[in-house]
>>> print(open('input_38.cif').read())   # mmCIF, N, CA and C atoms
data_target
#
loop_
_atom_site.label_atom_id
_atom_site.label_comp_id
_atom_site.auth_asym_id
_atom_site.auth_seq_id
_atom_site.Cartn_x
_atom_site.Cartn_y
_atom_site.Cartn_z
N MET M 216 0.83 -1.16 0.00
CA MET M 216 0.00 0.00 0.00
C MET M 216 0.89 1.25 0.00
N ILE M 217 0.52 2.21 -0.83
CA ILE M 217 1.28 3.44 -0.97
C ILE M 217 0.65 4.48 -0.07
N ARG M 218 1.52 5.10 0.69
CA ARG M 218 1.05 6.13 1.59
C ARG M 218 1.54 7.48 1.11
N VAL M 219 0.67 8.41 0.91
CA VAL M 219 1.01 9.75 0.45
C VAL M 219 0.95 10.67 1.65
N THR M 220 2.07 11.40 1.80
CA THR M 220 2.11 12.35 2.92
C THR M 220 2.31 13.74 2.38
N GLN M 221 1.97 14.69 3.13
CA GLN M 221 2.16 16.08 2.73
C GLN M 221 3.63 16.43 2.93
N PRO M 222 4.26 17.12 1.93
CA PRO M 222 5.68 17.46 2.08
C PRO M 222 5.89 18.46 3.20
N SER M 223 7.07 18.37 3.77
CA SER M 223 7.40 19.30 4.85
C SER M 223 7.83 20.64 4.25
N MET M 224 7.98 21.63 5.08
CA MET M 224 8.38 22.96 4.63
C MET M 224 9.80 22.93 4.07
N GLU M 225 10.68 22.11 4.67
CA GLU M 225 12.05 22.01 4.15
C GLU M 225 12.06 21.42 2.74
N GLN M 226 11.23 20.40 2.53
CA GLN M 226 11.14 19.79 1.20
C GLN M 226 10.60 20.78 0.17
N LEU M 227 9.58 21.53 0.56
CA LEU M 227 9.03 22.54 -0.35
C LEU M 227 10.06 23.62 -0.66
N ALA M 228 10.82 24.02 0.35
CA ALA M 228 11.84 25.05 0.14
C ALA M 228 12.93 24.55 -0.80
N SER M 229 13.35 23.28 -0.65
CA SER M 229 14.40 22.75 -1.53
C SER M 229 13.87 22.59 -2.96
N LEU M 230 12.59 22.19 -3.11
CA LEU M 230 12.02 22.10 -4.45
C LEU M 230 11.93 23.48 -5.10
N SER M 231 11.59 24.48 -4.31
CA SER M 231 11.51 25.84 -4.82
C SER M 231 12.89 26.32 -5.27
N THR M 232 13.92 25.96 -4.52
CA THR M 232 15.29 26.34 -4.87
C THR M 232 15.72 25.63 -6.16
N VAL M 233 15.42 24.35 -6.28
CA VAL M 233 15.76 23.60 -7.49
C VAL M 233 15.03 24.21 -8.69
N TRP M 234 13.78 24.55 -8.50
CA TRP M 234 13.00 25.15 -9.58
C TRP M 234 13.62 26.49 -10.01
N ALA M 235 14.02 27.30 -9.05
CA ALA M 235 14.64 28.59 -9.36
C ALA M 235 15.96 28.40 -10.09
N VAL M 236 16.74 27.41 -9.69
CA VAL M 236 18.01 27.12 -10.37
C VAL M 236 17.75 26.68 -11.80
N MET M 237 16.75 25.83 -12.01
CA MET M 237 16.43 25.37 -13.36
C MET M 237 15.98 26.54 -14.23
N GLN M 238 15.16 27.43 -13.71
CA GLN M 238 14.70 28.58 -14.46
C GLN M 238 15.87 29.51 -14.81
N ALA M 239 16.78 29.71 -13.85
CA ALA M 239 17.94 30.56 -14.11
C ALA M 239 18.84 29.94 -15.19
N ALA M 240 18.99 28.61 -15.15
CA ALA M 240 19.80 27.94 -16.18
C ALA M 240 19.16 28.09 -17.55
N ARG M 241 17.86 27.95 -17.63
CA ARG M 241 17.16 28.12 -18.91
C ARG M 241 17.32 29.56 -19.42
N ALA M 242 17.16 30.52 -18.54
CA ALA M 242 17.30 31.92 -18.94
C ALA M 242 18.73 32.22 -19.38
N GLY M 243 19.72 31.66 -18.67
CA GLY M 243 21.12 31.86 -19.05
C GLY M 243 21.43 31.23 -20.39
N ALA M 244 20.88 30.05 -20.65
CA ALA M 244 21.09 29.40 -21.95
C ALA M 244 20.46 30.22 -23.07
N ALA M 245 19.29 30.77 -22.82
CA ALA M 245 18.64 31.60 -23.84
C ALA M 245 19.45 32.86 -24.10
N ASP M 246 19.97 33.48 -23.04
CA ASP M 246 20.80 34.68 -23.21
C ASP M 246 22.08 34.36 -23.97
N ALA M 247 22.71 33.24 -23.65
CA ALA M 247 23.94 32.84 -24.34
C ALA M 247 23.67 32.56 -25.81
N SER M 248 22.56 31.92 -26.09
CA SER M 248 22.20 31.64 -27.49
C SER M 248 21.97 32.93 -28.26
N ALA M 249 21.29 33.88 -27.66
CA ALA M 249 21.04 35.16 -28.32
C ALA M 249 22.36 35.92 -28.53
N ALA M 250 23.25 35.86 -27.56
CA ALA M 250 24.54 36.54 -27.71
C ALA M 250 25.37 35.89 -28.82
N ALA M 251 25.33 34.56 -28.92
CA ALA M 251 26.07 33.87 -29.98
C ALA M 251 25.51 34.22 -31.34
N ARG M 252 24.20 34.31 -31.45
CA ARG M 252 23.59 34.69 -32.74
C ARG M 252 24.00 36.09 -33.15
N GLY M 253 24.21 36.97 -32.22
CA GLY M 253 24.66 38.32 -32.54
C GLY M 253 26.16 38.40 -32.77
N PHE M 254 26.93 37.52 -32.14
CA PHE M 254 28.39 37.55 -32.22
C PHE M 254 28.90 37.02 -33.55
N LEU M 255 28.35 35.91 -34.03
CA LEU M 255 28.86 35.29 -35.25
C LEU M 255 28.72 36.19 -36.48
N PRO M 256 27.60 36.86 -36.71
CA PRO M 256 27.55 37.76 -37.86
C PRO M 256 28.55 38.91 -37.75
N ALA M 257 28.78 39.40 -36.54
CA ALA M 257 29.74 40.49 -36.37
C ALA M 257 31.16 40.02 -36.70
N VAL M 258 31.51 38.82 -36.28
CA VAL M 258 32.83 38.27 -36.60
C VAL M 258 32.95 38.04 -38.10
N SER M 259 31.91 37.50 -38.69
CA SER M 259 31.93 37.25 -40.13
C SER M 259 32.07 38.55 -40.90
N GLN M 260 31.36 39.58 -40.49
CA GLN M 260 31.44 40.87 -41.17
C GLN M 260 32.83 41.48 -41.02
N ALA M 261 33.42 41.37 -39.86
CA ALA M 261 34.77 41.91 -39.65
C ALA M 261 35.79 41.14 -40.48
N PHE M 262 35.64 39.82 -40.55
CA PHE M 262 36.56 39.00 -41.33
C PHE M 262 36.47 39.32 -42.82
N THR M 263 35.27 39.39 -43.35
CA THR M 263 35.12 39.68 -44.78
C THR M 263 35.55 41.11 -45.08
N GLY M 264 35.32 42.04 -44.17
CA GLY M 264 35.80 43.41 -44.36
C GLY M 264 37.32 43.46 -44.40
N GLY M 265 37.96 42.69 -43.55
CA GLY M 265 39.42 42.62 -43.56
C GLY M 265 39.95 42.00 -44.84
N LEU M 266 39.28 40.95 -45.31
CA LEU M 266 39.68 40.35 -46.58
C LEU M 266 39.53 41.33 -47.74
N HIS M 267 38.43 42.06 -47.74
CA HIS M 267 38.21 43.05 -48.80
C HIS M 267 39.30 44.11 -48.78
N SER M 268 39.62 44.62 -47.60
CA SER M 268 40.66 45.65 -47.49
C SER M 268 42.02 45.12 -47.94
N ALA M 269 42.34 43.88 -47.55
CA ALA M 269 43.61 43.29 -47.96
C ALA M 269 43.66 43.11 -49.47
N GLY M 270 42.57 42.61 -50.05
CA GLY M 270 42.51 42.45 -51.50
C GLY M 270 42.62 43.78 -52.22
N PHE M 271 41.98 44.79 -51.70
CA PHE M 271 42.06 46.12 -52.30
C PHE M 271 43.49 46.64 -52.25
N ALA M 272 44.13 46.49 -51.10
CA ALA M 272 45.50 46.99 -50.95
C ALA M 272 46.46 46.28 -51.90
N VAL M 273 46.35 44.95 -51.99
CA VAL M 273 47.23 44.20 -52.89
C VAL M 273 46.93 44.57 -54.34
N GLY M 274 45.67 44.62 -54.70
CA GLY M 274 45.30 44.98 -56.07
C GLY M 274 45.79 46.36 -56.45
N PHE M 275 45.63 47.31 -55.55
CA PHE M 275 46.08 48.67 -55.84
C PHE M 275 47.59 48.74 -55.90
N ALA M 276 48.26 48.05 -54.96
CA ALA M 276 49.72 48.09 -54.91
C ALA M 276 50.35 47.44 -56.15
N VAL M 277 49.65 46.52 -56.77
CA VAL M 277 50.18 45.87 -57.98
C VAL M 277 49.74 46.64 -59.23
N THR M 278 48.50 47.01 -59.30
CA THR M 278 47.95 47.60 -60.52
C THR M 278 48.46 49.02 -60.78
N PHE M 279 48.51 49.85 -59.77
CA PHE M 279 48.88 51.23 -59.98
C PHE M 279 50.32 51.37 -60.48
N PRO M 280 51.30 50.73 -59.85
CA PRO M 280 52.66 50.83 -60.40
C PRO M 280 52.77 50.21 -61.79
N ALA M 281 52.06 49.10 -62.03
CA ALA M 281 52.11 48.49 -63.36
C ALA M 281 51.53 49.44 -64.40
N TYR M 282 50.49 50.14 -64.05
CA TYR M 282 49.89 51.12 -64.96
C TYR M 282 50.86 52.25 -65.24
N LEU M 283 51.52 52.75 -64.21
CA LEU M 283 52.48 53.84 -64.40
C LEU M 283 53.63 53.41 -65.31
N VAL M 284 54.15 52.19 -65.10
CA VAL M 284 55.23 51.68 -65.95
C VAL M 284 54.73 51.52 -67.37
N ALA M 285 53.54 50.98 -67.54
CA ALA M 285 53.00 50.76 -68.88
C ALA M 285 52.81 52.08 -69.61
N ARG M 286 52.41 53.11 -68.89
CA ARG M 286 52.22 54.42 -69.53
C ARG M 286 53.56 55.09 -69.86
N ALA M 287 54.61 54.76 -69.09
CA ALA M 287 55.92 55.38 -69.30
C ALA M 287 56.68 54.74 -70.46
N VAL M 288 56.42 53.47 -70.77
CA VAL M 288 57.13 52.76 -71.83
C VAL M 288 56.42 53.02 -73.15
N PRO M 289 57.17 53.36 -74.22
CA PRO M 289 56.55 53.53 -75.53
C PRO M 289 55.85 52.25 -75.98
N GLN M 290 54.74 52.40 -76.72
CA GLN M 290 53.88 51.26 -77.04
C GLN M 290 54.44 50.34 -78.13
N HIS M 291 55.21 50.83 -79.06
CA HIS M 291 55.64 50.00 -80.18
C HIS M 291 57.13 49.70 -80.06
N ASN M 292 57.44 48.69 -79.23
CA ASN M 292 58.82 48.24 -79.11
C ASN M 292 58.81 46.77 -78.68
N PRO M 293 59.93 46.07 -78.79
CA PRO M 293 59.97 44.63 -78.46
C PRO M 293 59.57 44.32 -77.02
N LEU M 294 59.88 45.20 -76.07
CA LEU M 294 59.52 44.94 -74.67
C LEU M 294 58.00 44.86 -74.51
N VAL M 295 57.28 45.80 -75.07
CA VAL M 295 55.82 45.81 -74.95
C VAL M 295 55.21 44.61 -75.66
N TYR M 296 55.74 44.28 -76.85
CA TYR M 296 55.23 43.10 -77.56
C TYR M 296 55.47 41.83 -76.73
N GLY M 297 56.63 41.73 -76.09
CA GLY M 297 56.93 40.58 -75.23
C GLY M 297 56.00 40.51 -74.02
N LEU M 298 55.73 41.68 -73.41
CA LEU M 298 54.81 41.70 -72.28
C LEU M 298 53.41 41.27 -72.69
N LYS M 299 52.95 41.75 -73.85
CA LYS M 299 51.61 41.36 -74.32
C LYS M 299 51.55 39.87 -74.61
N ASP M 300 52.57 39.35 -75.31
CA ASP M 300 52.59 37.92 -75.63
C ASP M 300 52.68 37.06 -74.37
N GLY M 301 53.50 37.50 -73.41
CA GLY M 301 53.63 36.75 -72.16
C GLY M 301 52.35 36.78 -71.35
N GLY M 302 51.71 37.92 -71.33
CA GLY M 302 50.42 38.02 -70.61
C GLY M 302 49.36 37.15 -71.25
N GLN M 303 49.31 37.15 -72.58
CA GLN M 303 48.33 36.31 -73.27
C GLN M 303 48.61 34.83 -73.04
N ALA M 304 49.90 34.45 -73.06
CA ALA M 304 50.26 33.05 -72.80
C ALA M 304 49.88 32.64 -71.38
N GLY M 305 50.07 33.55 -70.41
CA GLY M 305 49.67 33.26 -69.03
C GLY M 305 48.17 33.08 -68.90
N LEU M 306 47.40 33.93 -69.57
CA LEU M 306 45.94 33.80 -69.54
C LEU M 306 45.49 32.49 -70.18
N ASP M 307 46.11 32.15 -71.32
CA ASP M 307 45.74 30.90 -71.99
C ASP M 307 46.04 29.70 -71.11
N LEU M 308 47.21 29.69 -70.45
CA LEU M 308 47.57 28.57 -69.56
C LEU M 308 46.61 28.50 -68.38
N ALA M 309 46.26 29.63 -67.81
CA ALA M 309 45.32 29.64 -66.68
C ALA M 309 43.96 29.10 -67.10
N ARG M 310 43.48 29.53 -68.25
CA ARG M 310 42.16 29.05 -68.72
C ARG M 310 42.18 27.56 -69.00
N SER M 311 43.25 27.06 -69.64
CA SER M 311 43.31 25.62 -69.94
C SER M 311 43.45 24.80 -68.66
N THR M 312 44.18 25.33 -67.68
CA THR M 312 44.34 24.61 -66.41
C THR M 312 43.01 24.53 -65.67
N VAL M 313 42.27 25.62 -65.64
CA VAL M 313 40.97 25.62 -64.97
C VAL M 313 39.99 24.71 -65.70
N ALA M 314 40.01 24.76 -67.03
CA ALA M 314 39.10 23.90 -67.81
C ALA M 314 39.44 22.43 -67.60
N ALA M 315 40.72 22.09 -67.55
CA ALA M 315 41.12 20.69 -67.34
C ALA M 315 40.76 20.23 -65.94
N ALA M 316 40.92 21.10 -64.96
CA ALA M 316 40.61 20.73 -63.57
C ALA M 316 39.11 20.53 -63.39
N SER M 317 38.30 21.34 -64.05
CA SER M 317 36.85 21.20 -63.88
C SER M 317 36.31 20.03 -64.69
N ALA M 318 36.99 19.63 -65.76
CA ALA M 318 36.52 18.52 -66.59
C ALA M 318 36.99 17.17 -66.04
N ALA M 319 38.08 17.15 -65.29
CA ALA M 319 38.63 15.89 -64.78
C ALA M 319 37.74 15.36 -63.66
N PRO M 320 37.53 14.03 -63.61
CA PRO M 320 36.74 13.46 -62.51
C PRO M 320 37.53 13.55 -61.20
N ALA M 321 36.81 13.58 -60.13
CA ALA M 321 37.45 13.64 -58.82
C ALA M 321 38.18 12.33 -58.55
N PRO M 322 39.38 12.40 -57.98
CA PRO M 322 40.10 11.17 -57.70
C PRO M 322 39.40 10.33 -56.64
N ALA M 323 39.50 9.02 -56.80
CA ALA M 323 38.88 8.13 -55.83
C ALA M 323 39.67 8.16 -54.53
N PRO M 324 39.00 8.05 -53.40
CA PRO M 324 39.73 8.05 -52.14
C PRO M 324 40.61 6.79 -52.03
N VAL M 325 41.77 6.96 -51.43
CA VAL M 325 42.72 5.88 -51.28
C VAL M 325 42.65 5.41 -49.84
N LEU M 326 42.52 4.10 -49.66
CA LEU M 326 42.49 3.51 -48.34
C LEU M 326 43.86 2.99 -48.03
N ALA M 327 44.51 3.54 -47.03
CA ALA M 327 45.86 3.11 -46.66
C ALA M 327 45.73 2.12 -45.51
N ILE M 328 46.34 0.97 -45.68
CA ILE M 328 46.33 -0.06 -44.65
C ILE M 328 47.74 -0.18 -44.11
N ALA M 329 47.88 0.07 -42.84
CA ALA M 329 49.20 -0.01 -42.21
C ALA M 329 49.48 -1.45 -41.82
N SER M 330 50.67 -1.90 -42.18
CA SER M 330 51.05 -3.26 -41.79
C SER M 330 52.15 -3.18 -40.75
N ALA M 331 52.12 -4.09 -39.85
CA ALA M 331 53.10 -4.06 -38.76
C ALA M 331 54.37 -4.77 -39.12
#
>>> encode(input="input_38.cif", output="structure tokens")
Amino acid sequence: MIRVTQPSMEQLASLSTVWAVMQAARAGAADASAAARGFLPAVSQAFTGGLHSAGFAVGFAVTFPAYLVARAVPQHNPLVYGLKDGGQAGLDLARSTVAAASAAPAPAPVLAIASA
């Protein structure tokens, strides 16, 4: 036979404390989740902004001096013809390499078995 008794005041107080701790943990988890949702986009935005600035700096540092040199050198001479031919050859090689890489099937994974 099961006997049901009324809980004592100490038991009720401890249950109330456990309940308050559980509620505080839930509220803390919700606050942490909200903070993480706000933190990750900010980090992502800072990272992409840094990448953009770095790319801009490198692009400007390479392009501007190259433009100045190109404008300073007369257009009809062997050096300019060599630069144009070399640039075109580099573009052709890059395009053929990208086309070959995208057309080639992915290599099959290799299973390495270690022997003792």
>>> atom_distance(input="input_38.cif", atom1="atom C of Ala242 in chain M", atom2="CA of Phe254 in chain M")
16.9 Å
>>> select_by_dssp(input="input_38.cif", residues="chain M", states="helix (DSSP H, G or I)", output="NGL selection string")
:M and (224-287 or 293-318)
>>> atom_distance(input="input_38.cif", atom1="atom C of Ala239 in chain M", atom2="CA of Ala251 in chain M")
16.9 Å
>>> atom_distance(input="input_38.cif", atom1="CA of Val273 in chain M", atom2="CA of Thr312 in chain M")
24.0 Å
